[in-house]
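First the structure, in the form of structure tokens, and then the observations on it.
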Amino acid sequence: MSIAEEEMAELAESPKAPSRLRVVAQRFFRMRQGQIGFVLLALMFVLAFFGPLLGHWSYTDKDFNAFLQAPSGTHWWGTTQTGADVYAITLRGMQKSLIVGLLVGVISTAIAAVVGAFAGYFLGWTDRVLMWIVSLLLVLPSFLILAIMSPLFADGAWVLFVIMLALFMWMITSRIIRGMTVSLKEREFIRAAEFMGVSSSKIIFRHIIPNMSSLLIVDATLNVGAAILSETTLSYFGFGIQPPDVSLGSLIADGAKTATYAPWTFWFGAAVLVVLVLAVNLIGDSLRDAFDPTSRRRA
């Protein structure tokens with residue numbers, strides 16, 4: 001019986017029985033680190049997407065009367081050496097890093113789930129071909145490839161950067177999914193579906209992948225943090241988000257040049273990055289424990 005079928009049977013027997021999602025949510029919010037991570041990430045989202053409405057400057061504006069000005073009433077977080085408002089460009093960078101992190105996390109986990117499930121279910125030549133692709137991508141120098149392709153990410157083509165980054169973040173998880181699928185395909189409810197003539201693709205997408213939802217949710221969450229760090233690193237070296245747009249990586253790279261005598265150009269972006277990654281990792285760790293019924297960590 002699949003997870004969905006088990007939950008339907010439990011609800012039929014006991015109308016007041018809490019759903020699996022509700023149980024996981026209760027476990028998650030019972031943990032101190034889960035509460036902290038959720039609050040921090042929520043505050044980061046609010047600051048990133050609603051904070052610019054409170055400011056007086058856009059991330060594209062330049063104040064030519066205030067170069068490297070310290071934080072003041074006019075520029076809350078100071079200005080850069082080009083007169084850009086640090087508050088505005090930091091929030092813009094946070095927006096871009098959050099969007100890139102979320103998209104990469106979801107896309108890479110989805111690819112891992114599909115590839116691993118198909119390889120483990122069909123085995124044979126399908127498994128050999130897909131795992132050969134996995135092994136090939138694992139040995140390719142992803143940083144070098146992304147650096148070479150960086151000119152293509154200019155002129156607002158950051159979606160291509162997201163896709164390329166996601167293509168290098170799913171291989172390890174796909175091998176784990178494959179191993180779990182090989183074991184799961186021997187279960188009675190899978191055999192029953194095959195006996196009833198259900199197509200292989202429906203079995204994979206309706207039974208196998210949903211039964212690994214806990215692993216996939218945790219993996220996607222952790223991939224968000226990894227993607228934010230990867231994007232920041234690549235943008236720091238000029239290979240990620242390209243001007244005139246801005247990300248936390250490019251902001252930190254520019255701020256590092258003036259950090260010794262104008263620290264506000266560096267430390268605001270660096271602090272936002274640390275808090276953002278910390279929040280995502282706290283949520284990921286708490287979700288892992290919440291989905292694991294054997295975990296005893298609740299605070």
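Following the order of the structure tokens, chains are lettered A, B, ..., residues in each are numbered from 1, and ligands are numbered from 1.
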
Give one line per residue of stretch 179-214 of chain A that approaches stretch 111-123 of chain A to at most 10 Å, naming the two atoms of the closest pair and their distance in Å to one decimal, counting only C-alpha atoms; sort by chain then ascending residue number and deliver it as a tab-separated table.
residue	atom	partner	partner_atom	distance
A:Gly179	CA	A:Gly120	CA	6.4
A:Met180	CA	A:Gly120	CA	7.7
A:Thr181	CA	A:Gly120	CA	5.1
A:Val182	CA	A:Gly120	CA	4.9
A:Ser183	CA	A:Gly120	CA	8.5
A:Leu184	CA	A:Tyr121	CA	8.8
A:Lys185	CA	A:Tyr121	CA	6.6
A:Glu186	CA	A:Tyr121	CA	9.7
A:Ser200	CA	A:Tyr121	CA	8.4
A:Ser201	CA	A:Phe118	CA	8.5
A:Ile203	CA	A:Tyr121	CA	9.5
A:Ile204	CA	A:Ala117	CA	6.6
A:Phe205	CA	A:Val114	CA	8.3
A:Ile208	CA	A:Ala117	CA	7.2
A:Ile209	CA	A:Ala113	CA	6.7
A:Pro210	CA	A:Ala113	CA	9.8
A:Met212	CA	A:Ala113	CA	8.7
A:Ser213	CA	A:Ala113	CA	9.5

Atoms kept (N, CA, C and O atoms) for selection, written as a compact mmCIF listing (two decimals), in the first residue's frame:
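Result file follows (again-v2.txt):
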# COMPACT_ATOMS: atom_id res chain seq x y z
N GLY A 179 18.79 3.32 -5.35
CA GLY A 179 18.87 2.21 -4.41
C GLY A 179 17.57 1.99 -3.66
O GLY A 179 17.15 0.84 -3.45
N MET A 180 16.89 3.07 -3.27
CA MET A 180 15.62 2.95 -2.58
C MET A 180 14.54 2.39 -3.50
O MET A 180 13.67 1.63 -3.06
N THR A 181 14.59 2.76 -4.78
CA THR A 181 13.60 2.27 -5.74
C THR A 181 13.75 0.78 -5.97
O THR A 181 12.75 0.06 -6.08
N VAL A 182 14.99 0.30 -6.06
CA VAL A 182 15.22 -1.13 -6.25
C VAL A 182 14.57 -1.94 -5.13
O VAL A 182 13.98 -2.99 -5.35
N SER A 183 14.65 -1.42 -3.91
CA SER A 183 14.02 -2.09 -2.77
C SER A 183 12.51 -1.91 -2.77
O SER A 183 11.75 -2.85 -2.49
N LEU A 184 12.06 -0.70 -3.11
CA LEU A 184 10.64 -0.38 -3.05
C LEU A 184 9.83 -1.12 -4.11
O LEU A 184 8.66 -1.47 -3.87
N LYS A 185 10.41 -1.41 -5.26
CA LYS A 185 9.67 -2.05 -6.34
C LYS A 185 9.27 -3.48 -6.01
O LYS A 185 8.42 -4.07 -6.69
N GLU A 186 9.87 -4.06 -4.96
CA GLU A 186 9.52 -5.42 -4.55
C GLU A 186 8.36 -5.43 -3.55
O GLU A 186 7.89 -6.51 -3.18
N SER A 200 4.15 1.69 -16.26
CA SER A 200 5.36 1.90 -15.46
C SER A 200 5.51 3.36 -15.04
O SER A 200 5.91 3.66 -13.91
N SER A 201 5.21 4.29 -15.95
CA SER A 201 5.36 5.71 -15.62
C SER A 201 4.40 6.12 -14.51
O SER A 201 4.77 6.88 -13.61
N ILE A 203 3.22 4.12 -12.16
CA ILE A 203 3.73 3.51 -10.93
C ILE A 203 4.84 4.36 -10.33
O ILE A 203 4.90 4.60 -9.12
N ILE A 204 5.73 4.85 -11.20
CA ILE A 204 6.85 5.66 -10.72
C ILE A 204 6.37 6.97 -10.12
O ILE A 204 6.78 7.35 -9.03
N PHE A 205 5.48 7.66 -10.84
CA PHE A 205 5.08 9.00 -10.41
C PHE A 205 3.96 8.99 -9.35
O PHE A 205 3.84 9.95 -8.59
N ILE A 208 6.04 5.27 -6.40
CA ILE A 208 7.43 5.20 -5.96
C ILE A 208 7.94 6.55 -5.48
O ILE A 208 8.43 6.68 -4.34
N ILE A 209 7.85 7.58 -6.30
CA ILE A 209 8.35 8.89 -5.91
C ILE A 209 7.60 9.46 -4.70
O ILE A 209 8.24 9.96 -3.77
N PRO A 210 6.25 9.39 -4.64
CA PRO A 210 5.58 9.89 -3.43
C PRO A 210 6.00 9.17 -2.15
O PRO A 210 5.98 9.77 -1.07
N MET A 212 8.89 8.42 -1.36
CA MET A 212 10.18 8.95 -0.94
C MET A 212 10.09 10.46 -0.73
O MET A 212 11.09 11.16 -0.78
N SER A 213 8.89 10.95 -0.47
CA SER A 213 8.67 12.39 -0.34
C SER A 213 9.47 12.99 0.80
O SER A 213 9.97 14.12 0.69

A:Pro263 environment, 12 Å, only C-alpha atoms, sequence neighbours closer than 6 positions dropped, as a compact mmCIF listing (two decimals) with N, CA and C atoms, in the first residue's frame:
# COMPACT_ATOMS: atom_id res chain seq x y z
N LEU A 68 30.76 56.41 -1.19
CA LEU A 68 31.26 55.77 0.03
C LEU A 68 30.82 56.52 1.29
N GLN A 69 29.56 56.91 1.28
CA GLN A 69 29.01 57.60 2.45
C GLN A 69 28.61 56.58 3.51
N ALA A 70 28.92 56.86 4.76
CA ALA A 70 28.57 55.98 5.86
C ALA A 70 27.05 55.95 6.04
N PRO A 71 26.51 54.94 6.73
CA PRO A 71 25.07 54.89 6.97
C PRO A 71 24.54 56.19 7.57
N TRP A 77 22.05 52.14 4.90
CA TRP A 77 23.20 51.24 5.01
C TRP A 77 24.43 51.80 4.29
N GLY A 78 24.42 53.09 4.00
CA GLY A 78 25.55 53.72 3.34
C GLY A 78 25.49 53.56 1.83
N THR A 79 26.55 53.97 1.19
CA THR A 79 26.66 53.87 -0.27
C THR A 79 27.97 53.21 -0.67
N THR A 80 28.03 52.78 -1.92
CA THR A 80 29.23 52.17 -2.47
C THR A 80 30.11 53.24 -3.09
N GLN A 81 31.23 52.81 -3.67
CA GLN A 81 32.14 53.76 -4.30
C GLN A 81 31.58 54.34 -5.59
N VAL A 86 23.50 50.94 -0.56
CA VAL A 86 23.82 49.58 -0.10
C VAL A 86 22.57 48.84 0.32
N ILE A 252 29.30 41.18 -2.41
CA ILE A 252 30.40 40.91 -1.48
C ILE A 252 31.74 41.10 -2.18
N ASP A 254 32.45 43.18 -4.63
CA ASP A 254 32.72 44.62 -4.74
C ASP A 254 33.03 45.23 -3.37
N GLY A 255 32.31 44.78 -2.35
CA GLY A 255 32.52 45.33 -1.02
C GLY A 255 33.86 44.94 -0.42
N ALA A 256 34.40 43.80 -0.84
CA ALA A 256 35.69 43.36 -0.30
C ALA A 256 36.81 44.34 -0.65
N LYS A 257 36.66 45.07 -1.76
CA LYS A 257 37.69 46.01 -2.17
C LYS A 257 37.75 47.24 -1.26
N GLY A 269 26.08 42.77 3.30
CA GLY A 269 25.86 41.64 2.39
C GLY A 269 26.33 40.33 2.98
N ALA A 270 27.50 40.35 3.64
CA ALA A 270 28.02 39.13 4.25
C ALA A 270 27.10 38.64 5.37
N ALA A 271 26.60 39.55 6.20
CA ALA A 271 25.71 39.17 7.29
C ALA A 271 24.41 38.57 6.77

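In this model, the gap between atom CA of A:Val100 and atom CA of A:Leu222 comes to 13.6 Å.
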
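Candidate residues A:Thr90, A:Leu138, A:Ser286, A:Arg178 were compared for distance to A:Ile36, and the nearest is A:Ser286, using only C-alpha atoms.
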
Could you name the residues that touch A:Phe153 at 9 Å or less, counting only C-alpha atoms, but leaving out those on the same chain fewer than 5 positions away, as a VMD selection string?
chain A and resid 158 to 161 239 to 242

Can you list every residue in stretch 35-122 of chain A that DSSP puts in helix (DSSP H, G or I), as number ranges by chain?
A: 35-53, 86-122

Atom CA of A:Pro243 to atom CA of A:Gly105, distance in Å rounded to a single decimal:
23.7 Å

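The interatomic distance for the pair atom CA of A:Met171 and atom CA of A:Arg288 works out to 19.7 Å.
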
With distances taken over only C-alpha atoms, the candidate from A:Asn223, A:Thr258, A:Gln26, A:Thr265 nearest A:Leu98 is A:Asn223

Residues at most 8 Å from A:Val104, counting only C-alpha atoms, excluding those fewer than 4 positions away in the same chain, as number ranges by chain?
A: 100, 108, 162-163, 165-166, 223-224, 227

Save the residues we just selected, C-alpha atoms, as a PDB file, in the first residue's frame?
ATOM      1  CA  VAL A 100      18.072  31.127  -7.561  1.00  0.00           C
ATOM      2  CA  SER A 108      17.819  19.485  -8.964  1.00  0.00           C
ATOM      3  CA  VAL A 162      19.783  28.464 -12.753  1.00  0.00           C
ATOM      4  CA  ILE A 163      19.349  25.544 -15.162  1.00  0.00           C
ATOM      5  CA  LEU A 165      23.624  25.143 -11.766  1.00  0.00           C
ATOM      6  CA  ALA A 166      20.780  22.665 -11.168  1.00  0.00           C
ATOM      7  CA  ASN A 223      19.946  22.007  -1.879  1.00  0.00           C
ATOM      8  CA  VAL A 224      18.557  25.523  -1.486  1.00  0.00           C
ATOM      9  CA  ALA A 227      22.658  26.549  -4.302  1.00  0.00           C
TER      10      ALA A 227
END

Neighbouring residues of A:Met44 were defined as those with any atom within 9 Å, considering only C-alpha atoms; residues of the same chain fewer than 6 positions away were excluded. Please report them as a PyMOL selection string.
chain A and resi 94+272+275-276

7 Å contact set for A:Gly249, only C-alpha atoms, chain neighbours under 6 positions out, as a PyMOL selection string:
chain A and resi 232-233+235-236
